[in-house]
Amino acid sequence: MATPLQVKQYLAAWFQMGKGVVAPRLPGGRLFTNRVMAPDLDHNLTYSPEFEQCWAQINLAPGTPGYLGDSYLEGTAQTIQELLSNDWDIDDCARCGMQVSMKVTGFSDSTCPCSDMPGLPNDTTIQPAEPRSNRVMLGQIHDRLSRLSRE
Ligand SMILES: [Zn+2]
């Protein structure tokens with residue numbers, strides 16, 4: 001079973017590749033922002049308010065007004081609701097290395113959105129960014145420097 005966090009990371013990665021979420025119940029029928037990542041006040045790289053808003057709509061609990069569990073990532077057939085069920089998992093695509101939905105049991109009929117992106121895979125593909133904390137990175141630099149100074 002994919003956790004909500006995995007599904008969120010999966011969508012964030014594909015949003016950065018230009019894929020949106022098809023939401024038949026929404027007037028526009030599509031949820032998308034091309035600003036997925038943004039620095040926060042501490043200059044950590046985090047999800048942008050625009051992406052968080054998309055995710056909040058996608059992640060509404062079943063039964064909530066505005067529930068969009070029947071929405072799905074462009075280029076795939078699995079709804080968000082299915083991804084969060086026990087039958088599906090998130091794994092790496094063998095072709096492009098991006099995260100892709102995989103059926104846990106039986107034959108996988110999952111399709112990776114890369115199947116309609118002829119440019120993938122290639123070595124120049126920019127890997128989607130993930131949230132990171134500068135504090136962690138500064139800590140690593142500090143560790144390295146203090147190790148060097150001891151040598
Ligand atoms: Zn792929």
# chains A, B, ... in the order shown; residues from 1 in each chain; ligands from 1
>>> residues_around(residues="range 7-10 of chain A", least_positions_apart="4", cutoff="8 Å", atoms="only C-alpha atoms", output="PyMOL selection string")
chain A and resi 2-3+14+55+80+83-84+90+99-100+130
>>> residues_around(residues="Ser71 in chain A", least_positions_apart="2", cutoff="6 Å", atoms="only C-alpha atoms", output="ChimeraX atom specification")
/A:22-23,68-69,79-80
>>> residues_near_ligand(ligand="ligand 1", cutoff="8 Å", atoms="only C-alpha atoms and all ligand atoms", output="ChimeraX atom specification")
/A:92-100,111-115,120-121
>>> write_last_selection(atoms="N, CA and C atoms", output="PDB file, in the first residue's frame")
ATOM      1  N   ASP A  92       9.966   2.324  -8.485  1.00  0.00           N
ATOM      2  CA  ASP A  92      10.662   3.028  -9.558  1.00  0.00           C
ATOM      3  C   ASP A  92      10.361   2.362 -10.894  1.00  0.00           C
ATOM      4  N   CYS A  93      10.127   3.181 -11.914  1.00  0.00           N
ATOM      5  CA  CYS A  93       9.901   2.660 -13.263  1.00  0.00           C
ATOM      6  C   CYS A  93      11.216   2.110 -13.803  1.00  0.00           C
ATOM      7  N   ALA A  94      11.138   0.924 -14.436  1.00  0.00           N
ATOM      8  CA  ALA A  94      12.355   0.304 -14.966  1.00  0.00           C
ATOM      9  C   ALA A  94      12.906   1.098 -16.144  1.00  0.00           C
ATOM     10  N   ARG A  95      12.054   1.856 -16.805  1.00  0.00           N
ATOM     11  CA  ARG A  95      12.473   2.571 -18.012  1.00  0.00           C
ATOM     12  C   ARG A  95      13.083   3.923 -17.678  1.00  0.00           C
ATOM     13  N   CYS A  96      12.385   4.705 -16.875  1.00  0.00           N
ATOM     14  CA  CYS A  96      12.835   6.086 -16.688  1.00  0.00           C
ATOM     15  C   CYS A  96      13.347   6.360 -15.279  1.00  0.00           C
ATOM     16  N   GLY A  97      13.143   5.430 -14.354  1.00  0.00           N
ATOM     17  CA  GLY A  97      13.639   5.640 -12.999  1.00  0.00           C
ATOM     18  C   GLY A  97      12.765   6.540 -12.152  1.00  0.00           C
ATOM     19  N   MET A  98      11.691   7.061 -12.754  1.00  0.00           N
ATOM     20  CA  MET A  98      10.762   7.886 -11.989  1.00  0.00           C
ATOM     21  C   MET A  98       9.877   6.973 -11.146  1.00  0.00           C
ATOM     22  N   GLN A  99       9.208   7.566 -10.165  1.00  0.00           N
ATOM     23  CA  GLN A  99       8.279   6.789  -9.359  1.00  0.00           C
ATOM     24  C   GLN A  99       7.045   6.452 -10.183  1.00  0.00           C
ATOM     25  N   VAL A 100       6.565   5.232 -10.004  1.00  0.00           N
ATOM     26  CA  VAL A 100       5.437   4.785 -10.796  1.00  0.00           C
ATOM     27  C   VAL A 100       4.576   3.879  -9.925  1.00  0.00           C
ATOM     28  N   THR A 111       0.901   1.554 -16.130  1.00  0.00           N
ATOM     29  CA  THR A 111       1.638   2.228 -17.183  1.00  0.00           C
ATOM     30  C   THR A 111       2.315   3.437 -16.582  1.00  0.00           C
ATOM     31  N   CYS A 112       3.545   3.632 -16.940  1.00  0.00           N
ATOM     32  CA  CYS A 112       4.275   4.805 -16.466  1.00  0.00           C
ATOM     33  C   CYS A 112       3.969   5.958 -17.411  1.00  0.00           C
ATOM     34  N   PRO A 113       3.772   7.158 -16.849  1.00  0.00           N
ATOM     35  CA  PRO A 113       3.530   8.311 -17.722  1.00  0.00           C
ATOM     36  C   PRO A 113       4.650   8.538 -18.727  1.00  0.00           C
ATOM     37  N   CYS A 114       5.824   7.938 -18.518  1.00  0.00           N
ATOM     38  CA  CYS A 114       6.936   8.147 -19.455  1.00  0.00           C
ATOM     39  C   CYS A 114       6.644   7.507 -20.806  1.00  0.00           C
ATOM     40  N   SER A 115       5.651   6.590 -20.863  1.00  0.00           N
ATOM     41  CA  SER A 115       5.376   5.909 -22.130  1.00  0.00           C
ATOM     42  C   SER A 115       4.942   6.885 -23.218  1.00  0.00           C
ATOM     43  N   LEU A 120      12.147  10.501 -22.734  1.00  0.00           N
ATOM     44  CA  LEU A 120      12.617   9.742 -21.579  1.00  0.00           C
ATOM     45  C   LEU A 120      12.978   8.328 -21.985  1.00  0.00           C
ATOM     46  N   PRO A 121      13.907   7.615 -21.392  1.00  0.00           N
ATOM     47  CA  PRO A 121      14.844   8.266 -20.468  1.00  0.00           C
ATOM     48  C   PRO A 121      16.011   8.866 -21.223  1.00  0.00           C
TER      49      PRO A 121
END
>>> atom_distance(atom1="CA of Trp88 in chain A", atom2="CA of Met102 in chain A")
5.6 Å
>>> select_by_dssp(residues="chain A", states="alpha helix (DSSP H)", output="ChimeraX atom specification")
/A:4-16,49-58,80-83,134-150
>>> select_by_dssp(residues="range 19-141 of chain A", states="strand (DSSP E)", output="CSV table (one decimal) with N, CA, C and O atoms, in the first residue's frame")
chain,number,residue,atom,x,y,z
A,21,VAL,N,-2.8,16.3,-12.6
A,21,VAL,CA,-3.8,15.4,-12.1
A,21,VAL,C,-5.2,15.7,-12.8
A,21,VAL,O,-5.6,16.8,-12.8
A,22,VAL,N,-5.7,14.6,-13.4
A,22,VAL,CA,-7.0,14.8,-14.0
A,22,VAL,C,-8.1,14.6,-12.9
A,22,VAL,O,-8.1,13.6,-12.3
A,30,ARG,N,-8.7,19.6,-14.1
A,30,ARG,CA,-7.3,19.3,-14.0
A,30,ARG,C,-6.7,20.1,-12.9
A,30,ARG,O,-7.1,21.3,-12.7
A,31,LEU,N,-5.8,19.5,-12.1
A,31,LEU,CA,-5.1,20.1,-11.1
A,31,LEU,C,-3.6,20.1,-11.5
A,31,LEU,O,-3.0,19.1,-11.8
A,37,MET,N,8.2,23.2,-6.1
A,37,MET,CA,9.1,23.4,-5.0
A,37,MET,C,9.3,24.9,-4.8
A,37,MET,O,9.3,25.7,-5.7
A,38,ALA,N,9.6,25.3,-3.5
A,38,ALA,CA,9.9,26.6,-3.2
A,38,ALA,C,10.7,26.7,-1.9
A,38,ALA,O,10.5,25.8,-1.0
A,39,PRO,N,11.5,27.7,-1.8
A,39,PRO,CA,12.3,27.8,-0.5
A,39,PRO,C,11.3,28.4,0.6
A,39,PRO,O,10.5,29.2,0.3
A,45,LEU,N,14.4,23.9,1.0
A,45,LEU,CA,13.6,23.6,-0.2
A,45,LEU,C,12.4,22.8,0.2
A,45,LEU,O,12.6,21.7,0.8
A,46,THR,N,11.2,23.3,0.0
A,46,THR,CA,10.0,22.6,0.4
A,46,THR,C,8.9,22.7,-0.6
A,46,THR,O,9.1,23.3,-1.7
A,47,TYR,N,7.8,22.0,-0.4
A,47,TYR,CA,6.7,22.1,-1.4
A,47,TYR,C,6.2,23.5,-1.4
A,47,TYR,O,6.0,24.1,-0.3
A,72,TYR,N,-6.8,11.2,-11.1
A,72,TYR,CA,-5.6,10.3,-11.4
A,72,TYR,C,-4.6,11.1,-12.2
A,72,TYR,O,-4.9,12.2,-12.8
A,73,LEU,N,-3.4,10.6,-12.1
A,73,LEU,CA,-2.2,11.3,-12.8
A,73,LEU,C,-2.4,11.1,-14.3
A,73,LEU,O,-2.7,10.0,-14.7
A,88,TRP,N,-2.1,-1.4,-4.4
A,88,TRP,CA,-1.1,-0.7,-5.2
A,88,TRP,C,0.1,-0.2,-4.4
A,88,TRP,O,0.0,0.0,-3.2
A,89,ASP,N,1.2,-0.1,-5.0
A,89,ASP,CA,2.4,0.4,-4.3
A,89,ASP,C,3.1,1.4,-5.3
A,89,ASP,O,2.8,1.5,-6.5
A,90,ILE,N,4.0,2.2,-4.7
A,90,ILE,CA,4.8,3.1,-5.6
A,90,ILE,C,6.2,2.6,-5.6
A,90,ILE,O,6.8,2.3,-4.6
A,91,ASP,N,6.7,2.4,-6.9
A,91,ASP,CA,8.1,1.9,-7.0
A,91,ASP,C,8.7,2.7,-8.2
A,91,ASP,O,8.1,3.6,-8.7
A,92,ASP,N,10.0,2.3,-8.5
A,92,ASP,CA,10.7,3.0,-9.6
A,92,ASP,C,10.4,2.4,-10.9
A,92,ASP,O,10.4,1.1,-11.0
A,99,GLN,N,9.2,7.6,-10.2
A,99,GLN,CA,8.3,6.8,-9.4
A,99,GLN,C,7.0,6.5,-10.2
A,99,GLN,O,6.6,7.3,-11.0
A,100,VAL,N,6.6,5.2,-10.0
A,100,VAL,CA,5.4,4.8,-10.8
A,100,VAL,C,4.6,3.9,-9.9
A,100,VAL,O,5.1,3.3,-9.0
A,101,SER,N,3.3,3.8,-10.2
A,101,SER,CA,2.4,3.0,-9.4
A,101,SER,C,2.5,1.5,-9.9
A,101,SER,O,2.6,1.3,-11.1
A,102,MET,N,2.6,0.6,-9.0
A,102,MET,CA,2.7,-0.8,-9.3
A,102,MET,C,1.7,-1.6,-8.6
A,102,MET,O,1.4,-1.4,-7.4
A,103,LYS,N,1.1,-2.6,-9.3
A,103,LYS,CA,0.1,-3.4,-8.6
A,103,LYS,C,0.9,-4.4,-7.7
A,103,LYS,O,1.9,-5.0,-8.1
>>> residues_around(residues="Met17 in chain A", least_positions_apart="3", cutoff="10 Å", atoms="only C-alpha atoms", output="VMD selection string")
chain A and resid 11 to 14 20 34 98 113 to 114 117 125 to 128
>>> write_last_selection(atoms="all heavy atoms", output="short mmCIF file (atom, residue, chain, number, x, y, z; two decimals), in the first residue's frame")
data_model
loop_
_atom_site.label_atom_id
_atom_site.label_comp_id
_atom_site.auth_asym_id
_atom_site.auth_seq_id
_atom_site.Cartn_x
_atom_site.Cartn_y
_atom_site.Cartn_z
N LEU A 11 3.34 12.42 -6.94
CA LEU A 11 2.69 13.48 -7.70
C LEU A 11 3.63 14.68 -7.88
O LEU A 11 3.69 15.28 -8.96
CB LEU A 11 1.40 13.92 -7.02
CG LEU A 11 0.28 12.86 -7.00
CD1 LEU A 11 -0.93 13.39 -6.23
CD2 LEU A 11 -0.14 12.47 -8.41
N ALA A 12 4.37 15.01 -6.82
CA ALA A 12 5.30 16.15 -6.90
C ALA A 12 6.34 15.91 -7.99
O ALA A 12 6.68 16.81 -8.75
CB ALA A 12 5.98 16.39 -5.56
N ALA A 13 6.85 14.67 -8.06
CA ALA A 13 7.85 14.34 -9.07
C ALA A 13 7.27 14.50 -10.46
O ALA A 13 7.89 15.10 -11.35
CB ALA A 13 8.36 12.92 -8.86
N TRP A 14 6.06 14.01 -10.66
CA TRP A 14 5.47 14.07 -12.00
C TRP A 14 4.97 15.47 -12.36
O TRP A 14 4.99 15.85 -13.53
CB TRP A 14 4.38 13.01 -12.15
CG TRP A 14 4.99 11.67 -12.39
CD1 TRP A 14 5.03 10.62 -11.52
CD2 TRP A 14 5.69 11.24 -13.57
NE1 TRP A 14 5.73 9.57 -12.08
CE2 TRP A 14 6.14 9.92 -13.33
CE3 TRP A 14 6.00 11.84 -14.78
CZ2 TRP A 14 6.86 9.19 -14.29
CZ3 TRP A 14 6.72 11.12 -15.73
CH2 TRP A 14 7.15 9.81 -15.47
N GLY A 20 -0.05 16.67 -14.92
CA GLY A 20 -1.00 17.13 -13.92
C GLY A 20 -1.90 16.00 -13.47
O GLY A 20 -1.73 14.85 -13.87
N ASN A 34 3.07 24.49 -12.04
CA ASN A 34 4.46 24.22 -12.43
C ASN A 34 5.43 24.74 -11.39
O ASN A 34 6.64 24.68 -11.55
CB ASN A 34 4.78 24.77 -13.83
CG ASN A 34 4.40 26.22 -13.97
OD1 ASN A 34 4.32 26.94 -12.97
ND2 ASN A 34 4.15 26.67 -15.19
N MET A 98 11.69 7.06 -12.75
CA MET A 98 10.76 7.89 -11.99
C MET A 98 9.88 6.97 -11.15
O MET A 98 9.76 5.77 -11.40
CB MET A 98 9.88 8.69 -12.94
CG MET A 98 10.61 9.77 -13.71
SD MET A 98 10.85 11.27 -12.72
CE MET A 98 9.16 11.85 -12.56
N PRO A 113 3.77 7.16 -16.85
CA PRO A 113 3.53 8.31 -17.72
C PRO A 113 4.65 8.54 -18.73
O PRO A 113 4.45 9.23 -19.72
CB PRO A 113 3.44 9.48 -16.74
CG PRO A 113 3.06 8.85 -15.44
CD PRO A 113 3.72 7.50 -15.44
N CYS A 114 5.82 7.94 -18.52
CA CYS A 114 6.94 8.15 -19.45
C CYS A 114 6.64 7.51 -20.81
O CYS A 114 7.33 7.80 -21.79
CB CYS A 114 8.26 7.63 -18.89
SG CYS A 114 8.44 5.84 -18.85
N MET A 117 6.16 10.02 -23.23
CA MET A 117 7.18 11.07 -23.23
C MET A 117 8.41 10.53 -23.94
O MET A 117 9.29 9.95 -23.33
CB MET A 117 7.52 11.50 -21.79
CG MET A 117 6.31 12.07 -21.06
SD MET A 117 6.63 12.39 -19.31
CE MET A 117 7.49 13.95 -19.37
N THR A 125 18.04 14.37 -18.36
CA THR A 125 16.83 14.64 -17.61
C THR A 125 17.18 15.19 -16.23
O THR A 125 18.02 14.64 -15.53
CB THR A 125 16.01 13.35 -17.42
OG1 THR A 125 15.73 12.82 -18.69
CG2 THR A 125 14.69 13.66 -16.71
N ILE A 126 16.56 16.30 -15.91
CA ILE A 126 16.79 16.87 -14.58
C ILE A 126 15.96 16.07 -13.59
O ILE A 126 14.75 15.91 -13.77
CB ILE A 126 16.38 18.35 -14.56
CG1 ILE A 126 17.23 19.12 -15.56
CG2 ILE A 126 16.50 18.91 -13.16
CD1 ILE A 126 16.66 20.48 -15.92
N GLN A 127 16.61 15.53 -12.58
CA GLN A 127 15.88 14.76 -11.58
C GLN A 127 14.97 15.70 -10.79
O GLN A 127 15.39 16.78 -10.40
CB GLN A 127 16.87 14.06 -10.63
CG GLN A 127 17.56 12.86 -11.27
CD GLN A 127 16.56 11.80 -11.72
OE1 GLN A 127 15.74 11.35 -10.92
NE2 GLN A 127 16.60 11.42 -12.97
N PRO A 128 13.73 15.28 -10.57
CA PRO A 128 12.83 16.12 -9.79
C PRO A 128 13.40 16.39 -8.40
O PRO A 128 14.01 15.51 -7.80
CB PRO A 128 11.56 15.29 -9.69
CG PRO A 128 11.69 14.21 -10.68
CD PRO A 128 13.14 14.01 -10.96
#
